[in-house]
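Here is the file my_file00.pdb (PDB, C-alpha atoms).
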ATOM      1  CA  MET V   1      -7.410  -1.936 -12.425
ATOM      2  CA  LEU V   2      -6.312  -2.628  -8.852
ATOM      3  CA  THR V   3      -8.757  -2.546  -5.932
ATOM      4  CA  GLY V   4      -8.516  -3.736  -2.361
ATOM      5  CA  ASP V   5      -9.723  -3.483   1.205
ATOM      6  CA  TYR V   6      -7.525  -3.644   4.295
ATOM      7  CA  SER V   7      -7.782  -3.470   8.085
ATOM      8  CA  GLY V   8      -5.882  -4.466  11.182
ATOM      9  CA  GLY V   9      -3.870  -2.965  13.998
ATOM     10  CA  ALA V  10      -4.758   0.722  14.252
ATOM     11  CA  ILE V  11      -6.672   0.635  10.934
ATOM     12  CA  VAL V  12     -10.420   0.088  11.299
ATOM     13  CA  VAL V  13     -11.135  -0.044   7.566
ATOM     14  CA  GLY V  14      -9.239   0.983   4.439
ATOM     15  CA  HIS V  15      -9.602   0.918   0.665
ATOM     16  CA  LEU V  16      -7.257   1.302  -2.290
ATOM     17  CA  LEU V  17      -7.819   1.971  -5.980
ATOM     18  CA  GLY V  18      -5.233   2.079  -8.721
ATOM     19  CA  VAL V  19      -3.884   0.895 -12.035
ATOM     20  CA  VAL V  20      -1.482  -1.828 -13.134
ATOM     21  CA  SER V  21       0.909  -0.695 -15.887
ATOM     22  CA  ASP V  22       2.135  -2.806 -18.795
ATOM     23  CA  ASP V  23       5.392  -3.456 -16.867
ATOM     24  CA  ASP V  24       3.302  -4.757 -13.888
ATOM     25  CA  SER V  25       4.150  -1.717 -11.721
ATOM     26  CA  LEU V  26       1.323  -0.397  -9.548
ATOM     27  CA  GLU V  27       0.096   3.135  -8.920
ATOM     28  CA  PHE V  28      -2.709   3.602  -6.414
ATOM     29  CA  ASN V  29      -4.367   5.886  -3.902
ATOM     30  CA  TYR V  30      -5.500   4.649  -0.511
ATOM     31  CA  HIS V  31      -7.542   5.908   2.397
ATOM     32  CA  HIS V  32      -8.422   4.525   5.795
ATOM     33  CA  LEU V  33     -10.079   5.315   9.097
ATOM     34  CA  ASN V  34      -7.927   4.632  12.151
ATOM     35  CA  THR V  35      -8.900   3.756  15.721
ATOM     36  CA  ASP V  36      -8.500   7.423  16.727
ATOM     37  CA  GLY V  37     -11.284   8.305  14.269
ATOM     38  CA  VAL V  38      -8.873  10.050  11.891
ATOM     39  CA  LEU V  39      -9.365   9.678   8.117
ATOM     40  CA  MET V  40      -6.014   9.386   6.311
ATOM     41  CA  SER V  41      -5.239   9.227   2.584
ATOM     42  CA  GLY V  42      -2.142   8.765   0.482
ATOM     43  CA  ARG V  43      -0.652   7.548  -2.774
ATOM     44  CA  CYS V  44       1.835   4.822  -3.645
ATOM     45  CA  GLU V  45       3.937   3.601  -6.560
ATOM     46  CA  SER V  46       4.952  -0.031  -6.230
ATOM     47  CA  LYS V  47       7.154  -2.431  -8.203
ATOM     48  CA  PRO V  48       6.324  -6.094  -7.516
ATOM     49  CA  ARG V  49       8.799  -8.943  -7.859
ATOM     50  CA  VAL V  50       8.956 -12.584  -6.791
ATOM     51  CA  VAL V  51      11.696 -13.673  -4.355
ATOM     52  CA  ASP V  52      11.918 -17.323  -3.285
ATOM     53  CA  GLY V  53       8.344 -17.831  -4.515
ATOM     54  CA  ARG V  54       7.022 -14.924  -2.407
ATOM     55  CA  LEU V  55       5.613 -11.622  -3.646
ATOM     56  CA  VAL V  56       7.702  -8.584  -2.630
ATOM     57  CA  LEU V  57       6.603  -4.979  -3.264
ATOM     58  CA  ALA V  58       9.133  -2.128  -3.340
ATOM     59  CA  GLU V  59       7.035   0.959  -2.586
ATOM     60  CA  ARG V  60       7.392   4.741  -2.721
ATOM     61  CA  TRP V  61       4.546   6.424  -0.844
ATOM     62  CA  GLN V  62       3.323   9.803   0.377
ATOM     63  CA  TRP V  63       0.570  10.801   2.763
ATOM     64  CA  LEU V  64      -1.800  13.352   1.231
ATOM     65  CA  THR V  65      -3.239  14.204   4.665
ATOM     66  CA  GLY V  66      -1.710  14.737   8.093
ATOM     67  CA  ASN V  67       1.982  15.594   8.013
ATOM     68  CA  ARG V  68       2.283  14.718   4.280
ATOM     69  CA  SER V  69       5.367  12.621   4.995
ATOM     70  CA  HIS V  70       6.804  10.328   2.347
ATOM     71  CA  GLY V  71       9.138   7.380   2.200
ATOM     72  CA  GLU V  72      10.000   3.979   0.842
ATOM     73  CA  SER V  73       8.917   0.586   2.152
ATOM     74  CA  GLU V  74       9.234  -3.041   1.218
ATOM     75  CA  VAL V  75       6.256  -5.341   1.775
ATOM     76  CA  GLU V  76       6.819  -9.106   1.743
ATOM     77  CA  GLU V  77       4.324 -11.924   1.464
ATOM     78  CA  ILE V  78       4.453 -14.374   4.364
ATOM     79  CA  ALA V  79       3.233 -17.948   4.457
ATOM     80  CA  ALA V  80      -0.122 -18.504   6.144
ATOM     81  CA  SER V  81      -0.011 -20.319   9.472
ATOM     82  CA  ASN V  82      -1.351 -23.886   9.427
ATOM     83  CA  THR V  83      -2.666 -23.653  13.003
TER      84      THR V  83
END
Rewrite the structure from the file as C-alpha coordinates, please.
Amino acid sequence: MLTGDYSGGAIVVGHLLGVVSDDDSLEFNYHHLNTDGVLMSGRCESKPRVVDGRLVLAERWQWLTGNRSHGESEVEEIAASNT
(Lines of atoms letter the chains of each structure in order from A and count residues from 1; the text may use other names and numbers.)
(Lines give C-alpha, C1' and ligand atoms only; values in the text may rest on other atoms or scores of the structure.)
Protein backbone atom coordinates (compact mmCIF):
# COMPACT_ATOMS: atom_id res chain seq x y z
CA MET A 1 0.00 0.00 0.00
CA LEU A 2 1.15 3.53 -0.80
CA THR A 3 -0.27 6.58 1.00
CA GLY A 4 0.83 10.18 1.19
CA ASP A 5 -0.07 13.79 1.80
CA TYR A 6 1.24 16.76 -0.17
CA SER A 7 0.93 20.55 -0.32
CA GLY A 8 2.78 23.58 -1.58
CA GLY A 9 2.60 26.20 -4.28
CA ALA A 10 -0.98 26.34 -5.56
CA ILE A 11 -1.93 23.14 -3.68
CA VAL A 12 -3.52 23.74 -0.27
CA VAL A 13 -3.77 20.06 0.66
CA GLY A 14 -3.57 16.79 -1.26
CA HIS A 15 -3.69 13.05 -0.65
CA LEU A 16 -2.71 9.95 -2.61
CA LEU A 17 -3.55 6.28 -2.24
CA GLY A 18 -2.20 3.39 -4.27
CA VAL A 19 -0.45 0.06 -4.52
CA VAL A 20 3.15 -1.04 -4.96
CA SER A 21 3.53 -3.97 -7.38
CA ASP A 22 5.99 -6.85 -7.05
CA ASP A 23 8.29 -5.07 -9.56
CA ASP A 24 8.22 -1.93 -7.32
CA SER A 25 6.12 0.05 -9.84
CA LEU A 26 3.45 2.31 -8.34
CA GLU A 27 -0.18 2.85 -9.28
CA PHE A 28 -2.12 5.48 -7.37
CA ASN A 29 -4.96 7.98 -7.41
CA TYR A 30 -4.57 11.48 -6.03
CA HIS A 31 -6.76 14.44 -5.21
CA HIS A 32 -6.10 17.94 -3.97
CA LEU A 33 -7.69 21.29 -3.25
CA ASN A 34 -5.97 24.25 -4.89
CA THR A 35 -5.79 27.90 -3.85
CA ASP A 36 -8.65 28.72 -6.25
CA GLY A 37 -10.89 26.38 -4.23
CA VAL A 38 -11.02 23.79 -7.03
CA LEU A 39 -10.95 20.07 -6.15
CA MET A 40 -8.87 18.10 -8.66
CA SER A 41 -8.28 14.35 -8.96
CA GLY A 42 -6.19 12.10 -11.14
CA ARG A 43 -4.33 8.82 -11.50
CA CYS A 44 -0.68 7.94 -12.03
CA GLU A 45 1.51 4.97 -12.92
CA SER A 46 5.10 5.41 -11.81
CA LYS A 47 8.33 3.42 -12.21
CA PRO A 48 10.94 4.32 -9.57
CA ARG A 49 14.68 3.97 -10.07
CA VAL A 50 17.81 5.19 -8.29
CA VAL A 51 20.20 7.52 -10.17
CA ASP A 52 23.37 8.74 -8.44
CA GLY A 53 21.86 7.73 -5.09
CA ARG A 54 18.68 9.78 -5.72
CA LEU A 55 15.16 8.47 -6.25
CA VAL A 56 13.74 9.23 -9.72
CA LEU A 57 10.13 8.50 -10.71
CA ALA A 58 9.12 8.15 -14.37
CA GLU A 59 5.38 8.88 -14.35
CA ARG A 60 2.41 8.55 -16.70
CA TRP A 61 -0.57 10.51 -15.37
CA GLN A 62 -4.08 11.64 -16.27
CA TRP A 63 -6.43 14.13 -14.68
CA LEU A 64 -9.85 12.62 -13.98
CA THR A 65 -11.38 16.09 -13.48
CA GLY A 66 -11.01 19.40 -15.30
CA ASN A 67 -9.72 19.07 -18.84
CA ARG A 68 -8.79 15.37 -18.35
CA SER A 69 -5.36 16.01 -19.84
CA HIS A 70 -2.63 13.39 -19.61
CA GLY A 71 1.11 13.25 -19.94
CA GLU A 72 4.45 12.00 -18.72
CA SER A 73 6.69 13.52 -16.06
CA GLU A 74 9.91 12.73 -14.29
CA VAL A 75 10.20 13.56 -10.59
CA GLU A 76 13.67 13.66 -9.01
CA GLU A 77 14.67 13.65 -5.37
CA ILE A 78 16.77 16.65 -4.35
CA ALA A 79 19.10 16.97 -1.39
CA ALA A 80 17.72 18.86 1.60
CA SER A 81 19.28 22.26 2.25
CA ASN A 82 21.54 22.45 5.32
CA THR A 83 20.60 26.08 6.03
The PyMOL selection byres ((chain V and resi 35) around 9) resolved against shown file, as a list in words: Gly9, Ala10, Ile11, Val12, Leu33, Asn34, Asp36, Gly37 and Val38 of chain V
- request: Step by step, work through what the PyMOL selection byres ((chain V and resi 41) around 10) selects in the shown file, and finish by giving those residues as a VMD selection string.
  value: chain V and resid 14 to 16 29 to 33 39 to 40 42 to 43 62 to 66 68
Can you spit out the residues from that selection as a PDB file, keeping the file's coordinate frame, using C-alpha atoms?
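Output file again.pdb follows:
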ATOM      1  CA  GLY V  14      -9.239   0.983   4.439  1.00  0.00           C
ATOM      2  CA  HIS V  15      -9.602   0.918   0.665  1.00  0.00           C
ATOM      3  CA  LEU V  16      -7.257   1.302  -2.290  1.00  0.00           C
ATOM      4  CA  ASN V  29      -4.367   5.886  -3.902  1.00  0.00           C
ATOM      5  CA  TYR V  30      -5.500   4.649  -0.511  1.00  0.00           C
ATOM      6  CA  HIS V  31      -7.542   5.908   2.397  1.00  0.00           C
ATOM      7  CA  HIS V  32      -8.422   4.525   5.795  1.00  0.00           C
ATOM      8  CA  LEU V  33     -10.079   5.315   9.097  1.00  0.00           C
ATOM      9  CA  LEU V  39      -9.365   9.678   8.117  1.00  0.00           C
ATOM     10  CA  MET V  40      -6.014   9.386   6.311  1.00  0.00           C
ATOM     11  CA  GLY V  42      -2.142   8.765   0.482  1.00  0.00           C
ATOM     12  CA  ARG V  43      -0.652   7.548  -2.774  1.00  0.00           C
ATOM     13  CA  GLN V  62       3.323   9.803   0.377  1.00  0.00           C
ATOM     14  CA  TRP V  63       0.570  10.801   2.763  1.00  0.00           C
ATOM     15  CA  LEU V  64      -1.800  13.352   1.231  1.00  0.00           C
ATOM     16  CA  THR V  65      -3.239  14.204   4.665  1.00  0.00           C
ATOM     17  CA  GLY V  66      -1.710  14.737   8.093  1.00  0.00           C
ATOM     18  CA  ARG V  68       2.283  14.718   4.280  1.00  0.00           C
TER      19      ARG V  68
END
- request: Around the point (7.4, -2.0, -10.9), in the coordinates given by the file, pick out the residues reaching within 12 Å, counting all atoms listed in the file, and return them as a list in words.
  value: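 Output of the proximity query reads Val19, Val20, Ser21, Asp22, Asp23, Asp24, Ser25, Leu26, Glu27, Cys44, Glu45, Ser46, Lys47, Pro48, Arg49, Val50, Val56, Leu57, Ala58, Glu59 and Arg60 of chain V.
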query: Distance CA of Ser7 in chain V-CA of Glu74 in chain V, one decimal place?
result: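 Separation of CA of Ser7 in chain V and CA of Glu74 in chain V: 18.4 Å.
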query: What does the distance from CA of Phe28 in chain V to CA of Thr3 in chain V come to in Å, to one decimal?
result: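 Atom-to-atom, CA of Phe28 in chain V and CA of Thr3 in chain V are spaced 8.6 Å apart.
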Point-to-point distance from CA of Asp52 in chain V to CA of Ile78 in chain V, Å rounded to tenths: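 Result for CA of Asp52 in chain V versus CA of Ile78 in chain V: 11.1 Å, one decimal.
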